[in-house]
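J.: Quick one, protein.pdb (PDB, C-alpha atoms and all ligand atoms):
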```pdb
MODEL        1
ATOM      1  CA  LEU A   1      -6.030 -21.334  -8.214  1.00  0.00           C
ATOM      2  CA  LYS A   2      -4.875 -20.585  -4.676  1.00  0.00           C
ATOM      3  CA  GLN A   3      -4.671 -16.982  -3.448  1.00  0.00           C
ATOM      4  CA  ASP A   4      -0.923 -16.623  -3.959  1.00  0.00           C
ATOM      5  CA  GLU A   5      -1.220 -17.972  -7.507  1.00  0.00           C
ATOM      6  CA  LEU A   6      -3.965 -15.427  -8.221  1.00  0.00           C
ATOM      7  CA  LYS A   7      -1.687 -12.684  -6.856  1.00  0.00           C
ATOM      8  CA  ARG A   8       1.007 -13.843  -9.273  1.00  0.00           C
ATOM      9  CA  VAL A   9      -1.435 -13.842 -12.213  1.00  0.00           C
ATOM     10  CA  ALA A  10      -2.486 -10.227 -11.498  1.00  0.00           C
ATOM     11  CA  ALA A  11       1.156  -9.206 -10.949  1.00  0.00           C
ATOM     12  CA  HIS A  12       2.295 -10.688 -14.246  1.00  0.00           C
ATOM     13  CA  ARG A  13      -0.416  -8.825 -16.149  1.00  0.00           C
ATOM     14  CA  VAL A  14       0.856  -5.469 -14.921  1.00  0.00           C
ATOM     15  CA  VAL A  15       3.980  -5.604 -17.091  1.00  0.00           C
ATOM     16  CA  GLU A  16       1.678  -4.808 -20.040  1.00  0.00           C
ATOM     17  CA  PHE A  17       1.563  -1.265 -18.641  1.00  0.00           C
ATOM     18  CA  VAL A  18       5.350  -0.882 -18.455  1.00  0.00           C
ATOM     19  CA  GLU A  19       7.305   0.776 -21.256  1.00  0.00           C
ATOM     20  CA  PRO A  20      11.051   1.192 -21.824  1.00  0.00           C
ATOM     21  CA  GLY A  21      12.524   4.229 -20.067  1.00  0.00           C
ATOM     22  CA  MET A  22       9.722   4.507 -17.485  1.00  0.00           C
ATOM     23  CA  THR A  23      10.345   5.393 -13.866  1.00  0.00           C
ATOM     24  CA  LEU A  24       8.098   3.188 -11.712  1.00  0.00           C
ATOM     25  CA  ALA A  25       6.921   3.349  -8.104  1.00  0.00           C
ATOM     26  CA  LEU A  26       7.429  -0.081  -6.549  1.00  0.00           C
ATOM     27  CA  GLY A  27       4.792  -1.045  -3.979  1.00  0.00           C
ATOM     28  CA  THR A  28       5.176  -3.341  -0.985  1.00  0.00           C
ATOM     29  CA  GLY A  29       3.641  -6.720  -0.162  1.00  0.00           C
ATOM     30  CA  SER A  30       3.479 -10.220  -1.572  1.00  0.00           C
ATOM     31  CA  THR A  31       1.548  -9.296  -4.755  1.00  0.00           C
ATOM     32  CA  ALA A  32       3.905  -6.419  -5.527  1.00  0.00           C
ATOM     33  CA  ALA A  33       6.881  -8.749  -4.932  1.00  0.00           C
ATOM     34  CA  HIS A  34       5.601 -11.045  -7.718  1.00  0.00           C
ATOM     35  CA  ALA A  35       5.537  -8.029 -10.043  1.00  0.00           C
ATOM     36  CA  TRP A  36       9.137  -7.052  -9.166  1.00  0.00           C
ATOM     37  CA  ASP A  37      10.376 -10.582  -9.806  1.00  0.00           C
ATOM     38  CA  ARG A  38       8.653 -10.650 -13.199  1.00  0.00           C
ATOM     39  CA  LEU A  39       9.911  -7.196 -14.075  1.00  0.00           C
ATOM     40  CA  ALA A  40      13.472  -8.005 -13.002  1.00  0.00           C
ATOM     41  CA  ASN A  41      13.440 -11.087 -15.272  1.00  0.00           C
ATOM     42  CA  LEU A  42      12.252  -8.992 -18.203  1.00  0.00           C
ATOM     43  CA  ILE A  43      14.807  -6.245 -17.480  1.00  0.00           C
ATOM     44  CA  ARG A  44      17.540  -8.913 -17.502  1.00  0.00           C
ATOM     45  CA  THR A  45      16.427 -10.047 -20.971  1.00  0.00           C
ATOM     46  CA  GLY A  46      16.701  -6.436 -22.162  1.00  0.00           C
ATOM     47  CA  ALA A  47      12.933  -5.960 -22.580  1.00  0.00           C
ATOM     48  CA  PHE A  48      12.749  -2.655 -20.680  1.00  0.00           C
ATOM     49  CA  PRO A  49      15.915  -0.590 -21.175  1.00  0.00           C
ATOM     50  CA  GLY A  50      16.083   2.511 -18.998  1.00  0.00           C
ATOM     51  CA  VAL A  51      13.433   1.427 -16.476  1.00  0.00           C
ATOM     52  CA  ALA A  52      14.169   2.700 -12.960  1.00  0.00           C
ATOM     53  CA  ASP A  53      12.196   2.203  -9.762  1.00  0.00           C
ATOM     54  CA  VAL A  54      11.357   4.181  -6.633  1.00  0.00           C
ATOM     55  CA  PRO A  55      10.747   1.766  -3.720  1.00  0.00           C
ATOM     56  CA  THR A  56       7.953   2.336  -1.171  1.00  0.00           C
ATOM     57  CA  SER A  57       9.641   0.589   1.761  1.00  0.00           C
ATOM     58  CA  LEU A  58      13.009  -0.610   2.982  1.00  0.00           C
ATOM     59  CA  LYS A  59      11.790  -4.177   2.332  1.00  0.00           C
ATOM     60  CA  THR A  60      10.946  -3.414  -1.300  1.00  0.00           C
ATOM     61  CA  GLU A  61      14.235  -1.555  -1.698  1.00  0.00           C
ATOM     62  CA  ALA A  62      16.140  -4.624  -0.454  1.00  0.00           C
ATOM     63  CA  HIS A  63      14.095  -6.913  -2.728  1.00  0.00           C
ATOM     64  CA  ALA A  64      14.688  -4.714  -5.794  1.00  0.00           C
ATOM     65  CA  ALA A  65      18.411  -4.465  -5.038  1.00  0.00           C
ATOM     66  CA  ARG A  66      18.569  -8.279  -4.691  1.00  0.00           C
ATOM     67  CA  VAL A  67      16.931  -8.919  -8.066  1.00  0.00           C
ATOM     68  CA  GLY A  68      18.986  -6.178  -9.696  1.00  0.00           C
ATOM     69  CA  THR A  69      16.373  -3.501 -10.482  1.00  0.00           C
ATOM     70  CA  PRO A  70      17.858   0.026 -10.881  1.00  0.00           C
ATOM     71  CA  LEU A  71      16.656   2.246  -7.997  1.00  0.00           C
ATOM     72  CA  LEU A  72      16.031   5.980  -7.649  1.00  0.00           C
ATOM     73  CA  PRO A  73      15.159   8.005  -4.522  1.00  0.00           C
ATOM     74  CA  LEU A  74      11.769   9.771  -4.568  1.00  0.00           C
ATOM     75  CA  GLU A  75      13.281  13.257  -4.451  1.00  0.00           C
ATOM     76  CA  VAL A  76      15.212  12.587  -7.658  1.00  0.00           C
ATOM     77  CA  ALA A  77      12.293  10.981  -9.536  1.00  0.00           C
ATOM     78  CA  ALA A  78       9.661  13.442  -8.316  1.00  0.00           C
ATOM     79  CA  SER A  79      11.740  16.491  -9.215  1.00  0.00           C
ATOM     80  CA  ALA A  80      12.413  15.216 -12.749  1.00  0.00           C
ATOM     81  CA  SER A  81      10.088  16.899 -15.175  1.00  0.00           C
ATOM     82  CA  GLY A  82       8.158  15.138 -17.960  1.00  0.00           C
ATOM     83  CA  ALA A  83       9.355  11.685 -18.971  1.00  0.00           C
ATOM     84  CA  GLY A  84      11.853  11.488 -16.074  1.00  0.00           C
ATOM     85  CA  GLY A  85       9.143  11.608 -13.388  1.00  0.00           C
ATOM     86  CA  ILE A  86       7.260   8.600 -11.969  1.00  0.00           C
ATOM     87  CA  ARG A  87       5.051   7.486 -14.844  1.00  0.00           C
ATOM     88  CA  LEU A  88       3.532   4.376 -13.303  1.00  0.00           C
ATOM     89  CA  SER A  89       2.949   3.203  -9.725  1.00  0.00           C
ATOM     90  CA  ILE A  90       2.314  -0.500  -9.132  1.00  0.00           C
ATOM     91  CA  ASP A  91       1.137  -1.988  -5.835  1.00  0.00           C
ATOM     92  CA  GLY A  92      -1.125  -4.578  -4.288  1.00  0.00           C
ATOM     93  CA  ALA A  93      -3.853  -3.498  -1.874  1.00  0.00           C
ATOM     94  CA  ASP A  94      -5.602  -4.880   1.167  1.00  0.00           C
ATOM     95  CA  GLU A  95      -9.048  -3.788  -0.025  1.00  0.00           C
ATOM     96  CA  VAL A  96     -10.563  -2.188  -3.129  1.00  0.00           C
ATOM     97  CA  ASP A  97     -14.063  -0.659  -2.999  1.00  0.00           C
ATOM     98  CA  PRO A  98     -16.424  -0.164  -6.003  1.00  0.00           C
ATOM     99  CA  ASP A  99     -15.047   3.393  -6.517  1.00  0.00           C
ATOM    100  CA  LEU A 100     -11.457   2.042  -6.587  1.00  0.00           C
ATOM    101  CA  ASN A 101     -10.671   3.519  -3.174  1.00  0.00           C
ATOM    102  CA  LEU A 102      -8.201   1.342  -1.306  1.00  0.00           C
ATOM    103  CA  VAL A 103      -7.088   0.235   2.086  1.00  0.00           C
ATOM    104  CA  ASN A 104      -3.360  -0.158   1.779  1.00  0.00           C
ATOM    105  CA  GLY A 105      -0.391  -0.559   4.067  1.00  0.00           C
ATOM    106  CA  ARG A 106      -1.524  -3.218   6.516  1.00  0.00           C
ATOM    107  CA  GLY A 107       2.128  -4.249   6.441  1.00  0.00           C
ATOM    108  CA  GLY A 108       3.001  -0.804   7.864  1.00  0.00           C
ATOM    109  CA  SER A 109       4.378   0.960   4.766  1.00  0.00           C
ATOM    110  CA  LEU A 110       1.377   3.201   4.105  1.00  0.00           C
ATOM    111  CA  LEU A 111       3.171   6.547   4.440  1.00  0.00           C
ATOM    112  CA  ARG A 112       5.927   5.836   1.921  1.00  0.00           C
ATOM    113  CA  GLU A 113       3.423   4.055  -0.333  1.00  0.00           C
ATOM    114  CA  LYS A 114       1.125   7.083  -0.340  1.00  0.00           C
ATOM    115  CA  MET A 115       3.997   9.516  -0.886  1.00  0.00           C
ATOM    116  CA  VAL A 116       5.631   7.587  -3.718  1.00  0.00           C
ATOM    117  CA  GLU A 117       2.498   6.286  -5.448  1.00  0.00           C
ATOM    118  CA  GLY A 118       0.831   9.679  -5.138  1.00  0.00           C
ATOM    119  CA  ALA A 119       3.726  11.229  -7.053  1.00  0.00           C
ATOM    120  CA  GLY A 120       3.071   9.036 -10.099  1.00  0.00           C
ATOM    121  CA  GLU A 121       0.975   9.802 -13.176  1.00  0.00           C
ATOM    122  CA  ARG A 122      -0.883   6.493 -13.180  1.00  0.00           C
ATOM    123  CA  PHE A 123      -1.469   3.974 -10.366  1.00  0.00           C
ATOM    124  CA  VAL A 124      -2.202   0.363 -11.317  1.00  0.00           C
ATOM    125  CA  VAL A 125      -3.313  -1.871  -8.442  1.00  0.00           C
ATOM    126  CA  ILE A 126      -2.901  -5.649  -8.649  1.00  0.00           C
ATOM    127  CA  VAL A 127      -5.134  -7.892  -6.536  1.00  0.00           C
ATOM    128  CA  ASP A 128      -6.790 -11.259  -6.307  1.00  0.00           C
ATOM    129  CA  GLU A 129     -10.572 -11.092  -6.103  1.00  0.00           C
ATOM    130  CA  SER A 130     -10.666 -11.570  -2.307  1.00  0.00           C
ATOM    131  CA  LYS A 131      -9.571  -7.914  -2.035  1.00  0.00           C
ATOM    132  CA  LEU A 132     -12.794  -6.548  -3.612  1.00  0.00           C
ATOM    133  CA  VAL A 133     -15.092  -5.220  -0.879  1.00  0.00           C
ATOM    134  CA  PRO A 134     -18.372  -3.303  -0.742  1.00  0.00           C
ATOM    135  CA  ARG A 135     -16.916  -0.839   1.831  1.00  0.00           C
ATOM    136  CA  LEU A 136     -13.409  -0.080   3.080  1.00  0.00           C
ATOM    137  CA  GLY A 137     -12.584  -1.635   6.433  1.00  0.00           C
ATOM    138  CA  CYS A 138     -14.773  -4.734   5.866  1.00  0.00           C
ATOM    139  CA  THR A 139     -12.073  -7.396   5.987  1.00  0.00           C
ATOM    140  CA  GLY A 140      -9.582  -6.230   8.584  1.00  0.00           C
ATOM    141  CA  ILE A 141      -7.634  -3.342   9.973  1.00  0.00           C
ATOM    142  CA  VAL A 142      -7.232   0.137   8.566  1.00  0.00           C
ATOM    143  CA  PRO A 143      -3.732   1.282   9.577  1.00  0.00           C
ATOM    144  CA  VAL A 144      -2.817   4.782  10.754  1.00  0.00           C
ATOM    145  CA  GLU A 145       0.774   5.981  11.196  1.00  0.00           C
ATOM    146  CA  VAL A 146       1.276   8.127  14.319  1.00  0.00           C
ATOM    147  CA  ILE A 147       4.337   9.686  15.875  1.00  0.00           C
ATOM    148  CA  PRO A 148       5.591   7.857  18.983  1.00  0.00           C
ATOM    149  CA  PHE A 149       5.411  10.940  21.247  1.00  0.00           C
ATOM    150  CA  SER A 150       2.301  10.455  23.412  1.00  0.00           C
ATOM    151  CA  ALA A 151       0.876   7.937  20.936  1.00  0.00           C
ATOM    152  CA  PRO A 152      -1.898   6.908  23.390  1.00  0.00           C
ATOM    153  CA  HIS A 153      -3.114  10.525  23.209  1.00  0.00           C
ATOM    154  CA  ALA A 154      -3.382  10.373  19.379  1.00  0.00           C
ATOM    155  CA  LEU A 155      -5.077   6.972  19.767  1.00  0.00           C
ATOM    156  CA  GLY A 156      -7.691   8.586  22.033  1.00  0.00           C
ATOM    157  CA  LEU A 157      -8.352  11.335  19.470  1.00  0.00           C
ATOM    158  CA  ILE A 158      -8.701   8.750  16.665  1.00  0.00           C
ATOM    159  CA  ARG A 159     -11.263   6.883  18.796  1.00  0.00           C
ATOM    160  CA  LYS A 160     -13.227  10.151  19.133  1.00  0.00           C
ATOM    161  CA  VAL A 161     -13.567  10.424  15.303  1.00  0.00           C
ATOM    162  CA  PHE A 162     -15.471   7.113  15.370  1.00  0.00           C
ATOM    163  CA  ASP A 163     -17.326   7.691  18.627  1.00  0.00           C
ATOM    164  CA  GLY A 164     -20.611   5.794  18.565  1.00  0.00           C
ATOM    165  CA  VAL A 165     -19.729   3.642  15.532  1.00  0.00           C
ATOM    166  CA  PRO A 166     -20.883   0.130  16.574  1.00  0.00           C
ATOM    167  CA  GLY A 167     -18.037  -2.355  16.906  1.00  0.00           C
ATOM    168  CA  PHE A 168     -15.275   0.182  16.234  1.00  0.00           C
ATOM    169  CA  HIS A 169     -12.088  -0.300  18.185  1.00  0.00           C
ATOM    170  CA  ALA A 170      -8.479   0.767  17.803  1.00  0.00           C
ATOM    171  CA  ARG A 171      -5.155  -0.198  19.342  1.00  0.00           C
ATOM    172  CA  LEU A 172      -1.441   0.381  18.901  1.00  0.00           C
ATOM    173  CA  ARG A 173       0.298  -2.391  16.940  1.00  0.00           C
ATOM    174  CA  THR A 174       2.763  -4.471  18.932  1.00  0.00           C
ATOM    175  CA  VAL A 175       5.213  -7.208  17.995  1.00  0.00           C
ATOM    176  CA  PRO A 176       6.999  -9.745  20.198  1.00  0.00           C
ATOM    177  CA  ALA A 177      10.032  -8.079  21.793  1.00  0.00           C
ATOM    178  CA  ALA A 178      13.415  -9.044  20.364  1.00  0.00           C
ATOM    179  CA  LYS A 179      14.612 -10.308  23.745  1.00  0.00           C
ATOM    180  CA  GLY A 180      12.186 -13.240  23.452  1.00  0.00           C
ATOM    181  CA  ASP A 181      10.873 -13.143  27.043  1.00  0.00           C
ATOM    182  CA  GLY A 182       7.240 -13.099  25.921  1.00  0.00           C
ATOM    183  CA  SER A 183       6.918  -9.321  26.255  1.00  0.00           C
ATOM    184  CA  ASP A 184       5.644  -7.036  23.485  1.00  0.00           C
ATOM    185  CA  ALA A 185       7.311  -4.050  21.828  1.00  0.00           C
ATOM    186  CA  SER A 186       5.781  -1.287  19.722  1.00  0.00           C
ATOM    187  CA  PHE A 187       5.847  -1.980  15.985  1.00  0.00           C
ATOM    188  CA  LEU A 188       8.063   0.609  14.267  1.00  0.00           C
ATOM    189  CA  THR A 189       7.554   1.766  10.680  1.00  0.00           C
ATOM    190  CA  ASP A 190      10.439   2.509   8.291  1.00  0.00           C
ATOM    191  CA  ASN A 191      10.046   6.106   9.479  1.00  0.00           C
ATOM    192  CA  GLY A 192      10.422   5.236  13.169  1.00  0.00           C
ATOM    193  CA  ASN A 193       6.717   5.807  13.858  1.00  0.00           C
ATOM    194  CA  TYR A 194       3.961   3.658  15.411  1.00  0.00           C
ATOM    195  CA  ILE A 195       0.902   2.093  13.772  1.00  0.00           C
ATOM    196  CA  VAL A 196      -2.626   2.364  15.126  1.00  0.00           C
ATOM    197  CA  GLU A 197      -4.876  -0.465  13.942  1.00  0.00           C
ATOM    198  CA  MET A 198      -8.536   0.512  13.457  1.00  0.00           C
ATOM    199  CA  PHE A 199     -11.210  -2.223  13.306  1.00  0.00           C
ATOM    200  CA  PHE A 200     -14.696  -1.740  11.886  1.00  0.00           C
ATOM    201  CA  GLU A 201     -17.429  -4.322  12.392  1.00  0.00           C
ATOM    202  CA  ASP A 202     -19.011  -3.738   8.998  1.00  0.00           C
ATOM    203  CA  GLY A 203     -16.685  -1.358   7.145  1.00  0.00           C
ATOM    204  CA  ILE A 204     -16.461   2.422   7.173  1.00  0.00           C
ATOM    205  CA  ARG A 205     -19.788   4.135   6.528  1.00  0.00           C
ATOM    206  CA  GLY A 206     -20.074   7.818   5.690  1.00  0.00           C
ATOM    207  CA  ASP A 207     -18.139  10.328   3.635  1.00  0.00           C
ATOM    208  CA  LEU A 208     -14.628   8.880   3.320  1.00  0.00           C
ATOM    209  CA  ARG A 209     -13.045  12.210   2.391  1.00  0.00           C
ATOM    210  CA  ASP A 210     -14.560  13.901   5.416  1.00  0.00           C
ATOM    211  CA  ILE A 211     -13.374  11.052   7.663  1.00  0.00           C
ATOM    212  CA  SER A 212      -9.910  11.278   6.071  1.00  0.00           C
ATOM    213  CA  ASP A 213      -9.756  15.050   6.682  1.00  0.00           C
ATOM    214  CA  ARG A 214     -10.796  14.663  10.302  1.00  0.00           C
ATOM    215  CA  MET A 215      -8.113  12.071  10.906  1.00  0.00           C
ATOM    216  CA  LEU A 216      -5.388  14.077   9.204  1.00  0.00           C
ATOM    217  CA  ARG A 217      -6.283  17.102  11.331  1.00  0.00           C
ATOM    218  CA  ILE A 218      -5.280  15.184  14.476  1.00  0.00           C
ATOM    219  CA  THR A 219      -1.863  16.442  15.516  1.00  0.00           C
ATOM    220  CA  GLY A 220       0.270  13.333  15.897  1.00  0.00           C
ATOM    221  CA  VAL A 221      -1.389  11.451  13.027  1.00  0.00           C
ATOM    222  CA  VAL A 222       1.069  11.306  10.137  1.00  0.00           C
ATOM    223  CA  GLU A 223      -1.063   9.433   7.545  1.00  0.00           C
ATOM    224  CA  HIS A 224      -3.751   6.768   7.244  1.00  0.00           C
ATOM    225  CA  GLY A 225      -4.173   3.754   4.976  1.00  0.00           C
ATOM    226  CA  MET A 226      -7.276   4.898   3.074  1.00  0.00           C
ATOM    227  CA  PHE A 227      -6.053   5.670  -0.454  1.00  0.00           C
ATOM    228  CA  LEU A 228      -8.927   7.727  -1.841  1.00  0.00           C
ATOM    229  CA  GLY A 229      -9.153   8.525  -5.552  1.00  0.00           C
ATOM    230  CA  MET A 230      -5.564   7.414  -6.177  1.00  0.00           C
ATOM    231  CA  ALA A 231      -5.923   4.162  -8.156  1.00  0.00           C
ATOM    232  CA  THR A 232      -6.473   4.665 -11.873  1.00  0.00           C
ATOM    233  CA  THR A 233      -6.670   0.971 -12.851  1.00  0.00           C
ATOM    234  CA  VAL A 234      -7.223  -2.249 -10.885  1.00  0.00           C
ATOM    235  CA  ILE A 235      -6.201  -5.652 -12.259  1.00  0.00           C
ATOM    236  CA  VAL A 236      -8.205  -8.420 -10.564  1.00  0.00           C
ATOM    237  CA  ALA A 237      -7.276 -12.092 -10.922  1.00  0.00           C
ATOM    238  CA  LYS A 238     -10.340 -14.275 -10.326  1.00  0.00           C
ATOM    239  CA  LYS A 239     -10.809 -17.851  -9.195  1.00  0.00           C
ATOM    240  CA  ASN A 240     -12.559 -18.721 -12.464  1.00  0.00           C
ATOM    241  CA  ASP A 241      -9.235 -18.110 -14.285  1.00  0.00           C
ATOM    242  CA  THR A 242     -10.259 -14.750 -15.750  1.00  0.00           C
ATOM    243  CA  VAL A 243      -8.626 -11.379 -15.186  1.00  0.00           C
ATOM    244  CA  ALA A 244     -10.647  -8.157 -15.027  1.00  0.00           C
ATOM    245  CA  VAL A 245      -9.076  -4.774 -15.729  1.00  0.00           C
ATOM    246  CA  ILE A 246     -11.172  -2.034 -14.098  1.00  0.00           C
ATOM    247  CA  ASN A 247     -10.597   1.639 -14.921  1.00  0.00           C
TER     248      ASN A 247
HETATM  249  O1  LIG B 301       1.036  -3.783   3.239  1.00  0.00           O
HETATM  250  C1  LIG B 301       0.933  -3.368   2.069  1.00  0.00           C
HETATM  251  O2  LIG B 301       1.089  -2.232   1.815  1.00  0.00           O
HETATM  252  C2  LIG B 301       0.567  -4.280   0.941  1.00  0.00           C
HETATM  253  O3  LIG B 301       0.456  -3.565  -0.244  1.00  0.00           O
HETATM  254  C3  LIG B 301      -0.734  -4.856   1.168  1.00  0.00           C
HETATM  255  O4  LIG B 301      -1.519  -3.759   1.159  1.00  0.00           O
HETATM  256  C4  LIG B 301      -1.103  -5.932   0.175  1.00  0.00           C
HETATM  257  O5  LIG B 301      -0.369  -7.032   0.533  1.00  0.00           O
HETATM  258  P1  LIG B 301      -0.403  -8.424  -0.211  1.00  0.00           P
HETATM  259  O6  LIG B 301      -0.112  -8.170  -1.640  1.00  0.00           O
HETATM  260  O7  LIG B 301       0.692  -9.182   0.492  1.00  0.00           O
HETATM  261  O8  LIG B 301      -1.739  -9.042   0.015  1.00  0.00           O
ENDMDL
END
```
Show me the file's structure as structure tokens.

T.:
Amino acid sequence: LKQDELKRVAAHRVVEFVEPGMTLALGTGSTAAHAWDRLANLIRTGAFPGVADVPTSLKTEAHAARVGTPLLPLEVAASASGAGGIRLSIDGADEVDPDLNLVNGRGGSLLREKMVEGAGERFVVIVDESKLVPRLGCTGIVPVEVIPFSAPHALGLIRKVFDGVPGFHARLRTVPAAKGDGSDASFLTDNGNYIVEMFFEDGIRGDLRDISDRMLRITGVVEHGMFLGMATTVIVAKKNDTVAVIN
């Protein structure tokens, strides 16, 4: 199976974790989108009465509204006690390490993803096997959301955290400017912030929690895309047509 088909296989398995009346956190990305489509179909057939969803990005919100999934804002779901709160978070991931730590949010939605998914009781991650890595940061960027004010200053302080790490580099994410003259503009998150992209030659070595703390202590850093100790279950669709459920 091709990668997108494997994403769909993992996404379809996640509905086994959904029960009527649950409030769900809806992740962002192509794997998560397969789950929302599947869920919306099942909701339409009446399989999950009372299911409501808290989206983790404007894109996911628009997708859920299009397919007709009932939506709730985080402040309503998170303040509901007991059964009314977010019972289950569902999202893809960019990387999953052997301890089920994740890199998430390469698409730029890491802050809302971490806020919404962190408010849930259980977090089920859906991936194809290419996302399994020995160390976070092995396969691509680790995103960091920073406020726009003096972003190059925050970028400099982030570089200092990884001073001396061979092959480490970091830059502010840009996108082609809307005016189409070949110039670049800063990428803006749903929260109006910038993204710093961190690259590691061979993944992040060292104590991830300590590295996380040091990054979050930088004034100007809002959040980073290492999701440590958050995932409770990972569903992995493999090329040999099997699906592993790791707890
Ligand atoms: O950008 C994101 O947050 C996505 O969850 C990403 O982490 C996984 O994207 P994919 O399902 O499109 O591979």

J.: Considering only C-alpha atoms and all ligand atoms, state which residue in the set A:Ala78, A:Val222, A:Ala10, A:Ala244 is at the smallest distance from ligand LIG 301 (chain B).

T.: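 Result for the nearest residue to ligand LIG 301 (chain B): A:Ala10.
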
J.: Step by step, measure atom-to-atom distances between ligand LIG 301 (chain B) and each residue using all atoms listed in the file, keep those at most 10 Å, then write them as a VMD selection string.

T.: chain A and resid 3 to 4 7 to 8 11 27 to 34 56 to 57 90 to 95 102 to 114 125 to 128 130 to 131 143 225

J.: How would the residues just picked look written out with C-alpha atoms as a tab-separated table (two decimals), in the frame of the given file?

T.:
```tsv
chain	number	residue	atom	x	y	z
A	3	GLN	CA	-4.67	-16.98	-3.45
A	4	ASP	CA	-0.92	-16.62	-3.96
A	7	LYS	CA	-1.69	-12.68	-6.86
A	8	ARG	CA	1.01	-13.84	-9.27
A	11	ALA	CA	1.16	-9.21	-10.95
A	27	GLY	CA	4.79	-1.04	-3.98
A	28	THR	CA	5.18	-3.34	-0.98
A	29	GLY	CA	3.64	-6.72	-0.16
A	30	SER	CA	3.48	-10.22	-1.57
A	31	THR	CA	1.55	-9.30	-4.76
A	32	ALA	CA	3.90	-6.42	-5.53
A	33	ALA	CA	6.88	-8.75	-4.93
A	34	HIS	CA	5.60	-11.04	-7.72
A	56	THR	CA	7.95	2.34	-1.17
A	57	SER	CA	9.64	0.59	1.76
A	90	ILE	CA	2.31	-0.50	-9.13
A	91	ASP	CA	1.14	-1.99	-5.84
A	92	GLY	CA	-1.12	-4.58	-4.29
A	93	ALA	CA	-3.85	-3.50	-1.87
A	94	ASP	CA	-5.60	-4.88	1.17
A	95	GLU	CA	-9.05	-3.79	-0.02
A	102	LEU	CA	-8.20	1.34	-1.31
A	103	VAL	CA	-7.09	0.24	2.09
A	104	ASN	CA	-3.36	-0.16	1.78
A	105	GLY	CA	-0.39	-0.56	4.07
A	106	ARG	CA	-1.52	-3.22	6.52
A	107	GLY	CA	2.13	-4.25	6.44
A	108	GLY	CA	3.00	-0.80	7.86
A	109	SER	CA	4.38	0.96	4.77
A	110	LEU	CA	1.38	3.20	4.11
A	111	LEU	CA	3.17	6.55	4.44
A	112	ARG	CA	5.93	5.84	1.92
A	113	GLU	CA	3.42	4.06	-0.33
A	114	LYS	CA	1.12	7.08	-0.34
A	125	VAL	CA	-3.31	-1.87	-8.44
A	126	ILE	CA	-2.90	-5.65	-8.65
A	127	VAL	CA	-5.13	-7.89	-6.54
A	128	ASP	CA	-6.79	-11.26	-6.31
A	130	SER	CA	-10.67	-11.57	-2.31
A	131	LYS	CA	-9.57	-7.91	-2.04
A	143	PRO	CA	-3.73	1.28	9.58
A	225	GLY	CA	-4.17	3.75	4.98
```

J.: Quick one: which residues end up in the PyMOL selection byres (((chain A and resi 144) around 6) and not hetatm) for this structure, as a list in words?

T.: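 Taken over the shown coordinates, the PyMOL selection byres (((chain A and resi 144) around 6) and not hetatm) returns Pro143, Glu145, Ile195, Val196, Glu223 and His224 of chain A.
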
J.: Out of A:Ile147, A:Val18, A:Ala62, A:Val67, which residue has the shortest atom-to-atom distance to Asp37 in chain A when counting all atoms listed in the file?

T.: A:Val67

J.: Give as number ranges by chain each residue that has an atom at most 9 Å from (14.6, 0.8, -19.9) in the file, counting all atoms listed in the file.

T.: A: 19-23, 43, 46-52

J.: To test your reading of the syntax: which residues would the PyMOL selection byres (((chain A and resi 17) around 10) and not hetatm) return for the file shown? Reply as a PDB file with C-alpha atoms, keeping the file's coordinate frame.

T.:
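result.pdb, freshly written:
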```pdb
ATOM      1  CA  ARG A  13      -0.416  -8.825 -16.149  1.00  0.00           C
ATOM      2  CA  VAL A  14       0.856  -5.469 -14.921  1.00  0.00           C
ATOM      3  CA  VAL A  15       3.980  -5.604 -17.091  1.00  0.00           C
ATOM      4  CA  GLU A  16       1.678  -4.808 -20.040  1.00  0.00           C
ATOM      5  CA  VAL A  18       5.350  -0.882 -18.455  1.00  0.00           C
ATOM      6  CA  GLU A  19       7.305   0.776 -21.256  1.00  0.00           C
ATOM      7  CA  LEU A  88       3.532   4.376 -13.303  1.00  0.00           C
ATOM      8  CA  ILE A  90       2.314  -0.500  -9.132  1.00  0.00           C
ATOM      9  CA  ARG A 122      -0.883   6.493 -13.180  1.00  0.00           C
ATOM     10  CA  VAL A 124      -2.202   0.363 -11.317  1.00  0.00           C
TER      11      VAL A 124
END
```

J.: As a JSON list (two decimals), in the frame of the given file, could you write out range 157-163 of chain A once it has been completed with N, CA and C atoms?

T.:
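Written file, result.json:
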```json
[["chain", "number", "residue", "atom", "x", "y", "z"],
["A", 157, "LEU", "N", -7.70, 10.39, 20.39],
["A", 157, "LEU", "CA", -8.35, 11.34, 19.47],
["A", 157, "LEU", "C", -8.89, 10.60, 18.24],
["A", 158, "ILE", "N", -8.19, 9.56, 17.79],
["A", 158, "ILE", "CA", -8.70, 8.75, 16.66],
["A", 158, "ILE", "C", -10.01, 8.08, 17.09],
["A", 159, "ARG", "N", -10.02, 7.55, 18.31],
["A", 159, "ARG", "CA", -11.26, 6.88, 18.80],
["A", 159, "ARG", "C", -12.42, 7.86, 18.78],
["A", 160, "LYS", "N", -12.14, 9.14, 19.10],
["A", 160, "LYS", "CA", -13.23, 10.15, 19.13],
["A", 160, "LYS", "C", -13.85, 10.35, 17.75],
["A", 161, "VAL", "N", -13.03, 10.25, 16.67],
["A", 161, "VAL", "CA", -13.57, 10.42, 15.30],
["A", 161, "VAL", "C", -14.66, 9.39, 15.04],
["A", 162, "PHE", "N", -14.52, 8.21, 15.65],
["A", 162, "PHE", "CA", -15.47, 7.11, 15.37],
["A", 162, "PHE", "C", -16.37, 6.83, 16.57],
["A", 163, "ASP", "N", -16.49, 7.82, 17.44],
["A", 163, "ASP", "CA", -17.33, 7.69, 18.63],
["A", 163, "ASP", "C", -18.74, 7.26, 18.23]]
```
